[in-house]
Amino acid sequence: MKNILSVVLAVFSGFVCSATAQEKPNLIVILTDDQGYADVGFNGSKDIRTPNIDRLAQSGARFTNGYVTYAVCGPSRAGLLTGRYQDRFGFGRNPVIDPNDATSGLPLDESMISEVLEPVGYTSGIVGKWHMGTHPKFRPNKRGFDYFYGFLSGGHRYFPEELTVEDIYQAVDNWSWYKTKLLENETKVELDKYLTDKLSDKAIEFVEREKDNPFFLYLAYNAPHTPLQATQEYLDRNKHIKNKERRTYAAMVTSVDDGVGRLLNKLEELDISENTIVFFLSDNGGAGNNASDNGPLRGHKGKYTEGGIRVPFAVSWPGTIPSGVDYDNPVSSMDIMATIAEISKAPVSDKKPLDGVNLIPFLTGNKQGQPHDALYWRNFDKKVFASREGNIKTISSPKSGMQMYNLSNDLAEQHNISQSKMMKYLEQDKKVENWNEGLIAPIFKPLQKSKNKKN
Amino acid sequence: MTIFKYAVLLLAFSLNAIGADYYLSPNGNNTNKGSAPSSAWKELWKLRKVQLMPGDNVYFEEGASFTGQLVIEGVRGTEQSPISIGTFSVKNGKTSINSGMAHIDADKHLSAIKIVDSSYIKVSNLEITANTPISDNLSGKKKEMRVGVLIRTYSTGSYQSISLDNLNVHDVFYYSKGIKRSSKETKSANGTQNYGWGIRVINNLPDATINDLKITNSIVENVAHTGIKFTSKHRRIFDVTVQGNKVYRTGGPGIQLSGVIGGLFSDNQVNKSGSHDDPRKWGRGSGLWTWSSEKIIIEQNHFTNANGPGDSAGVHIDFNCKDVIVQYNYSANNAGGFYEVLGNNYNTAYRYNISYNDGHRVKGKNGAFQEGKTFWLSGFNGKKKRKGPFNSYFYNNTIYVDASIVSKVAIDKATDGALVANNIFHVIGDAGYVLGDQYTPEKNGKSNTKNFEFSNNLFLHSKSWPHAAPVSDAAPIFGDAGFELSETPVPEEFEPKNTNIVKDKGVLISFIEGDVLGLYVGMEPRMDFFGNPIVGKPDLGAIEVN
């Protein structure tokens, strides 16, 4: 892949100057769940083949330093969907899956991408995992989404015969919500095939239906989150992987990849590729329990070392973003909202300023420098703070204390340099403190602890 | 500008960027250019005539002696092109740099090497002495100091990266031999007269910083006062590394830091601090002590045989500090004791250290004005009202006190937040409680220490902790850890033979009630005294048993 320098050169020589941004391009966000940094071909996976996701990345930009805002699902998604650090509005932990709990959800005075795009004429659809609150007032159709197909909780089982719980109100035991029937808008529907494939079908249907409008499709696969479940067909396509768990995980990724391929084909078939921005990313790093691989990055989901928060991340917008770009400056999932809001000129509340930035000028070479002065993370309950400024990463926690790493020569975060660079650490830590002052404590109670499973 | 001129300029610039070399040799000549071993200068003062630039090197001939003062003032190297001061040798026509040591004696100067307002300077392979007396008059001049290597600021600015490596600084004195100091002088906090110091770093300007100082693999021996000392009134010395040094027979403390933020002091051997083997020496000093400093790690050092009538512990944390971590050190035969934390200190820890026969000093004997102590929390903080120390963590230390010593303990009533757990108090003789060792702290009223969490420590017997102490272990374990010590024990001998009594008997360490910060390096120690992982629950003492 080319690096950003070649993009700059291309701009100088006028190759991409003729390409003009569409005024109201469609937006598709494909989000996977607990997928490891190294579990896509475009990040060098040796055993898992993702030709379609790679095709997406190659047609646009691969973010080598792409981050999410939290190391587990719920808060990470809240950051992505609002373009703001979720701790600004108290989404600092996973919400409770209780439809009677009117506090556990994304506050109604915050705007999601769907809500921001509504006034400028977009139709929005979410297919897959919601996780932004199960109380009726928090559900997708109340949050700017015209269409919803999927499930409300933080995870799900994949085979139709396992979906035995009729209604989320009946899912009183922990994790029984993994077995609820699916919803199409507010209507219960029967699943008739492997869940991931069905989600792809529904996403494609949505695109076909909305091809003439500006649309936002949020395709939130729960794969490859546990339980590790795949069809024989996908398992057979991953026979080269000996480890059973890894093979199942790979098979789940294969199903996602097939879906991405079919969706991209559909965009081409409908001739709307050049009018559609497609982001692909995972909601956090690969988990410790799903046989994922974060490659050279240390740690996994739940951790604030790179393995927990740096994710496979790519974007394509044929005709506008040059193909084959490797973009190495840190970017965030929050940038997705900022990008589409700026391009579509959708109004954003002054009182709720976005933390994300429009990435397109950085990718076309029109803007130099870092999109973000710094990125920050907080886990309120564990008192963990992390930051990245340039190549310097800091983490602090009661258990492990102060840590600072220079990612340019220590990607695996092995050499804690906080003690020998205390001046720099304290300088950066001061910024973390300032950032923290703009945050609030979680507004809903924590998910009950379970010994065996994590949400 | 013509292209030719431009090219010349560019060439000049590139030559400069490579840096110039200056050579000094006793066989040289001051009329030489100094730019090669064959055209070396003879004397040190010639360097005063050149402005050192980034990438420049100064080389002294290996094995040679020079007298005078090496002054580096207002010299700015860069990160990529520092300025190096080192040595060279010529053997069979071949020049090698960074070879054996050369010697600089300060002669009548106040210091042998003086680095002022400078950045990116590296000094290595030099032997430094300063023993020619400046004065014989003890009471005459205003306070003046003799220093082997002095690094300091006189002007506002941000000064970066100065390193001293493989130096041998010894015999630094201000007065001539035969001068005697009074015992009153030794009782004053830091001495009032003139002394010789090994290496000093001073930045007392409110608007200057010195950042990134390294003193490594060096020897400081036989100086009148402190071996290695950092001073910054406004706390504007950042990121200090002092590693792999040997500091012996200093008349004052071995190592001292005041106003340092961020410091790593590791793998040093400090022996016989507070030495009084020369009457010109001060005669008092802990192996290492901190004052008004923050974010300091003191680990894997040996502190032995500190002497003096007051203080003179292995390590002590003087007042106004925060986040000082003392871990994995071996502390032995220090007159003042092992654990000493003064007032207005926050979130300090002593953990995984071994203490052997520390605190043998007896008040009143040989001029001692304080008892030696095994364990001392003091609220003293200068002229201010006594307060703290706050949140003092003391866990997994192994303390061995033989029968010749009464193990003394003092706990200030102002102590606020302390955790004492998982330690081995192998006190063979008696233990005693010390009242009012410093400005009679316990005179008024009974103790009102707050949040004192004291439990799960191993005591050799019921007298290993003084009954008169205001606090005692809530869940003590009594028994013999089974140490088999030789006459001059080494740390390995402190591994308990009676493993059953210590293995997995430790409790997990959590925040003291009311403390929201804990330890800045984290509560979970990364290893035991010897670097072995802590498996399962921690064992008692500093060593995870096999």
# chains A, B, ... in the order shown; residues from 1 in each chain; ligands from 1

$ interface_residues --of "chain B" --to "chain A" --cutoff "12 Å" --atoms "only C-alpha atoms" --output "ChimeraX atom specification"
/B:158,160-161,209-214,235-243,260-266,294-298,323-325,508-511,515-526

$ select_by_dssp --residues "segment 24-200 of chain A" --states "alpha helix (DSSP H)" --output "PyMOL selection string"
chain A and resi 51-58+73-82+113-117+195-200

$ residues_around --residues "segment 20-34 of chain B" --least-positions-apart "3" --cutoff "6 Å" --atoms "only C-alpha atoms" --output "ChimeraX atom specification"
/B:37,39-42,56-61

$ select_by_dssp --residues "segment 347-455 of chain A" --states "strand (DSSP E or B)" --output "list of chain:residue names"
A:Leu375, A:Tyr376, A:Trp377, A:Arg378, A:Asn379, A:Val384, A:Phe385, A:Ala386, A:Ser387, A:Arg388, A:Glu389, A:Ile392, A:Lys393, A:Thr394, A:Ile395, A:Ser396, A:Ser397, A:Gly401, A:Met402, A:Gln403, A:Met404, A:Tyr405, A:Asn406

$ residues_around --residues "Asn185 of chain A" --least-positions-apart "2" --cutoff "7 Å" --atoms "only C-alpha atoms" --output "count of residues only"
6

$ residues_around --residues "segment 314-321 of chain B" --least-positions-apart "6" --cutoff "7 Å" --atoms "only C-alpha atoms" --output "short mmCIF file (atom, residue, chain, number, x, y, z; two decimals) with C-alpha atoms, in the first residue's frame"
data_model
loop_
_atom_site.label_atom_id
_atom_site.label_comp_id
_atom_site.auth_asym_id
_atom_site.auth_seq_id
_atom_site.Cartn_x
_atom_site.Cartn_y
_atom_site.Cartn_z
CA SER B 286 21.85 8.40 55.76
CA GLY B 287 22.77 6.22 52.82
CA LEU B 288 20.19 8.12 50.81
CA TRP B 289 17.53 10.60 51.76
CA THR B 290 14.90 12.59 49.95
CA TRP B 291 13.43 15.95 50.78
CA SER B 292 10.67 17.79 48.94
CA SER B 293 10.75 15.34 46.08
CA GLU B 294 8.17 13.42 44.12
CA PHE B 303 22.96 0.75 52.02
CA THR B 304 25.37 -0.30 54.70
CA ALA B 306 25.74 4.57 57.89
CA SER B 331 20.00 -2.21 54.36
CA ASN B 334 23.04 1.54 59.63
CA GLY B 337 17.87 2.49 61.42
CA PHE B 338 15.89 1.05 58.58
CA TYR B 339 12.49 2.76 58.29
CA GLU B 340 12.29 6.50 58.75
CA VAL B 341 9.56 8.65 57.26
CA LEU B 342 9.11 12.22 58.43
CA GLY B 343 6.08 14.52 58.34
CA ASN B 344 4.06 15.94 55.48
CA ASN B 345 4.94 12.97 53.31
CA TYR B 346 2.30 11.37 51.15
CA ASN B 381 8.20 18.85 59.09
#

$ residues_around --residues "segment 386-393 of chain A" --least-positions-apart "5" --cutoff "7 Å" --atoms "only C-alpha atoms" --output "list of chain:residue names"
A:Tyr304, A:Asp373, A:Ala374, A:Leu375, A:Tyr376, A:Trp377, A:Arg378, A:Met404, A:Tyr405, A:Asn406, A:Leu407, A:Ser408, A:Val432

$ write_last_selection --atoms "all heavy atoms" --output "CSV table (one decimal), in the first residue's frame"
chain,number,residue,atom,x,y,z
A,304,TYR,N,-6.2,-1.4,28.4
A,304,TYR,CA,-5.9,-0.2,27.8
A,304,TYR,C,-4.6,-0.1,27.2
A,304,TYR,O,-4.1,0.9,26.7
A,304,TYR,CB,-6.2,1.0,28.8
A,304,TYR,CG,-7.7,1.1,28.9
A,304,TYR,CD1,-8.4,0.2,29.7
A,304,TYR,CD2,-8.5,1.9,28.0
A,304,TYR,CE1,-9.8,0.2,29.8
A,304,TYR,CE2,-9.9,1.9,28.1
A,304,TYR,CZ,-10.5,1.1,28.9
A,304,TYR,OH,-11.9,1.1,28.9
A,373,ASP,N,-4.8,16.2,18.7
A,373,ASP,CA,-3.7,16.5,19.5
A,373,ASP,C,-3.4,15.3,20.4
A,373,ASP,O,-2.2,15.0,20.6
A,373,ASP,CB,-3.9,17.8,20.4
A,373,ASP,CG,-4.1,19.0,19.5
A,373,ASP,OD1,-3.6,19.0,18.4
A,373,ASP,OD2,-4.8,19.9,20.0
A,374,ALA,N,-4.5,14.8,20.9
A,374,ALA,CA,-4.3,13.6,21.8
A,374,ALA,C,-5.6,12.8,21.8
A,374,ALA,O,-6.7,13.4,21.5
A,374,ALA,CB,-3.9,14.1,23.2
A,375,LEU,N,-5.5,11.6,22.1
A,375,LEU,CA,-6.7,10.7,22.4
A,375,LEU,C,-6.7,10.3,23.8
A,375,LEU,O,-5.6,10.0,24.4
A,375,LEU,CB,-6.8,9.6,21.4
A,375,LEU,CG,-7.0,9.9,20.0
A,375,LEU,CD1,-6.9,8.6,19.1
A,375,LEU,CD2,-8.4,10.5,19.8
A,376,TYR,N,-7.8,10.1,24.4
A,376,TYR,CA,-7.9,9.7,25.8
A,376,TYR,C,-8.9,8.6,26.1
A,376,TYR,O,-9.8,8.4,25.3
A,376,TYR,CB,-8.4,10.9,26.7
A,376,TYR,CG,-7.6,12.2,26.5
A,376,TYR,CD1,-8.0,13.2,25.7
A,376,TYR,CD2,-6.4,12.3,27.2
A,376,TYR,CE1,-7.2,14.3,25.5
A,376,TYR,CE2,-5.6,13.4,27.1
A,376,TYR,CZ,-6.0,14.5,26.2
A,376,TYR,OH,-5.2,15.6,26.1
A,377,TRP,N,-8.6,7.9,27.2
A,377,TRP,CA,-9.5,6.8,27.6
A,377,TRP,C,-9.7,6.8,29.1
A,377,TRP,O,-8.7,7.2,29.8
A,377,TRP,CB,-8.9,5.4,27.2
A,377,TRP,CG,-8.8,5.2,25.7
A,377,TRP,CD1,-9.8,4.6,24.9
A,377,TRP,CD2,-7.8,5.6,24.8
A,377,TRP,NE1,-9.3,4.6,23.6
A,377,TRP,CE2,-8.1,5.2,23.5
A,377,TRP,CE3,-6.6,6.3,25.0
A,377,TRP,CZ2,-7.3,5.5,22.4
A,377,TRP,CZ3,-5.7,6.6,23.9
A,377,TRP,CH2,-6.1,6.1,22.6
A,378,ARG,N,-10.8,6.4,29.5
A,378,ARG,CA,-11.0,6.2,31.0
A,378,ARG,C,-11.9,5.0,31.2
A,378,ARG,O,-12.9,4.8,30.5
A,378,ARG,CB,-11.8,7.5,31.5
A,378,ARG,CG,-12.1,7.4,33.0
A,378,ARG,CD,-12.7,8.6,33.5
A,378,ARG,NE,-14.2,8.5,33.5
A,378,ARG,CZ,-15.0,9.4,34.1
A,378,ARG,NH1,-14.6,10.4,34.8
A,378,ARG,NH2,-16.3,9.2,34.0
A,404,MET,N,4.3,4.6,30.8
A,404,MET,CA,4.4,5.4,29.6
A,404,MET,C,5.3,4.6,28.6
A,404,MET,O,6.3,4.0,28.9
A,404,MET,CB,5.1,6.7,29.9
A,404,MET,CG,5.1,7.6,28.7
A,404,MET,SD,5.4,9.4,29.1
A,404,MET,CE,7.1,9.4,29.4
A,405,TYR,N,4.8,4.6,27.3
A,405,TYR,CA,5.5,3.8,26.3
A,405,TYR,C,5.7,4.7,25.1
A,405,TYR,O,4.8,5.5,24.7
A,405,TYR,CB,4.7,2.6,25.9
A,405,TYR,CG,4.4,1.7,27.1
A,405,TYR,CD1,3.1,1.7,27.7
A,405,TYR,CD2,5.3,0.8,27.6
A,405,TYR,CE1,2.9,0.9,28.8
A,405,TYR,CE2,5.1,0.0,28.7
A,405,TYR,CZ,3.8,0.1,29.3
A,405,TYR,OH,3.6,-0.7,30.4
A,406,ASN,N,6.8,4.5,24.4
A,406,ASN,CA,7.0,5.1,23.1
A,406,ASN,C,6.6,4.1,22.0
A,406,ASN,O,7.4,3.2,21.7
A,406,ASN,CB,8.4,5.6,23.0
A,406,ASN,CG,8.7,6.4,21.7
A,406,ASN,OD1,7.8,6.3,20.8
A,406,ASN,ND2,9.8,7.0,21.6
A,407,LEU,N,5.4,4.3,21.4
A,407,LEU,CA,5.0,3.3,20.5
A,407,LEU,C,5.8,3.2,19.2
A,407,LEU,O,5.7,2.2,18.5
A,407,LEU,CB,3.5,3.6,20.2
A,407,LEU,CG,2.5,3.5,21.3
A,407,LEU,CD1,1.1,3.8,20.9
A,407,LEU,CD2,2.5,2.1,22.0
A,408,SER,N,6.5,4.3,18.9
A,408,SER,CA,7.3,4.2,17.7
A,408,SER,C,8.4,3.2,17.8
A,408,SER,O,8.8,2.6,16.7
A,408,SER,CB,7.9,5.6,17.4
A,408,SER,OG,8.9,5.9,18.3
A,432,VAL,N,-4.6,14.7,30.7
A,432,VAL,CA,-5.6,13.7,31.0
A,432,VAL,C,-6.5,14.2,32.1
A,432,VAL,O,-7.7,14.0,32.1
A,432,VAL,CB,-4.9,12.3,31.4
A,432,VAL,CG1,-5.9,11.3,31.9
A,432,VAL,CG2,-4.1,11.8,30.3

$ residues_around --residues "Gly105 of chain A" --least-positions-apart "5" --cutoff "12 Å" --atoms "only C-alpha atoms" --output "number ranges by chain"
A: 74-75, 77-78, 86, 89-100, 110, 130-140, 142-143, 152-153, 442-446

$ atom_distance --atom1 "atom CA of Pro466 of chain B" --atom2 "atom CA of Gly417 of chain B"
20.1 Å
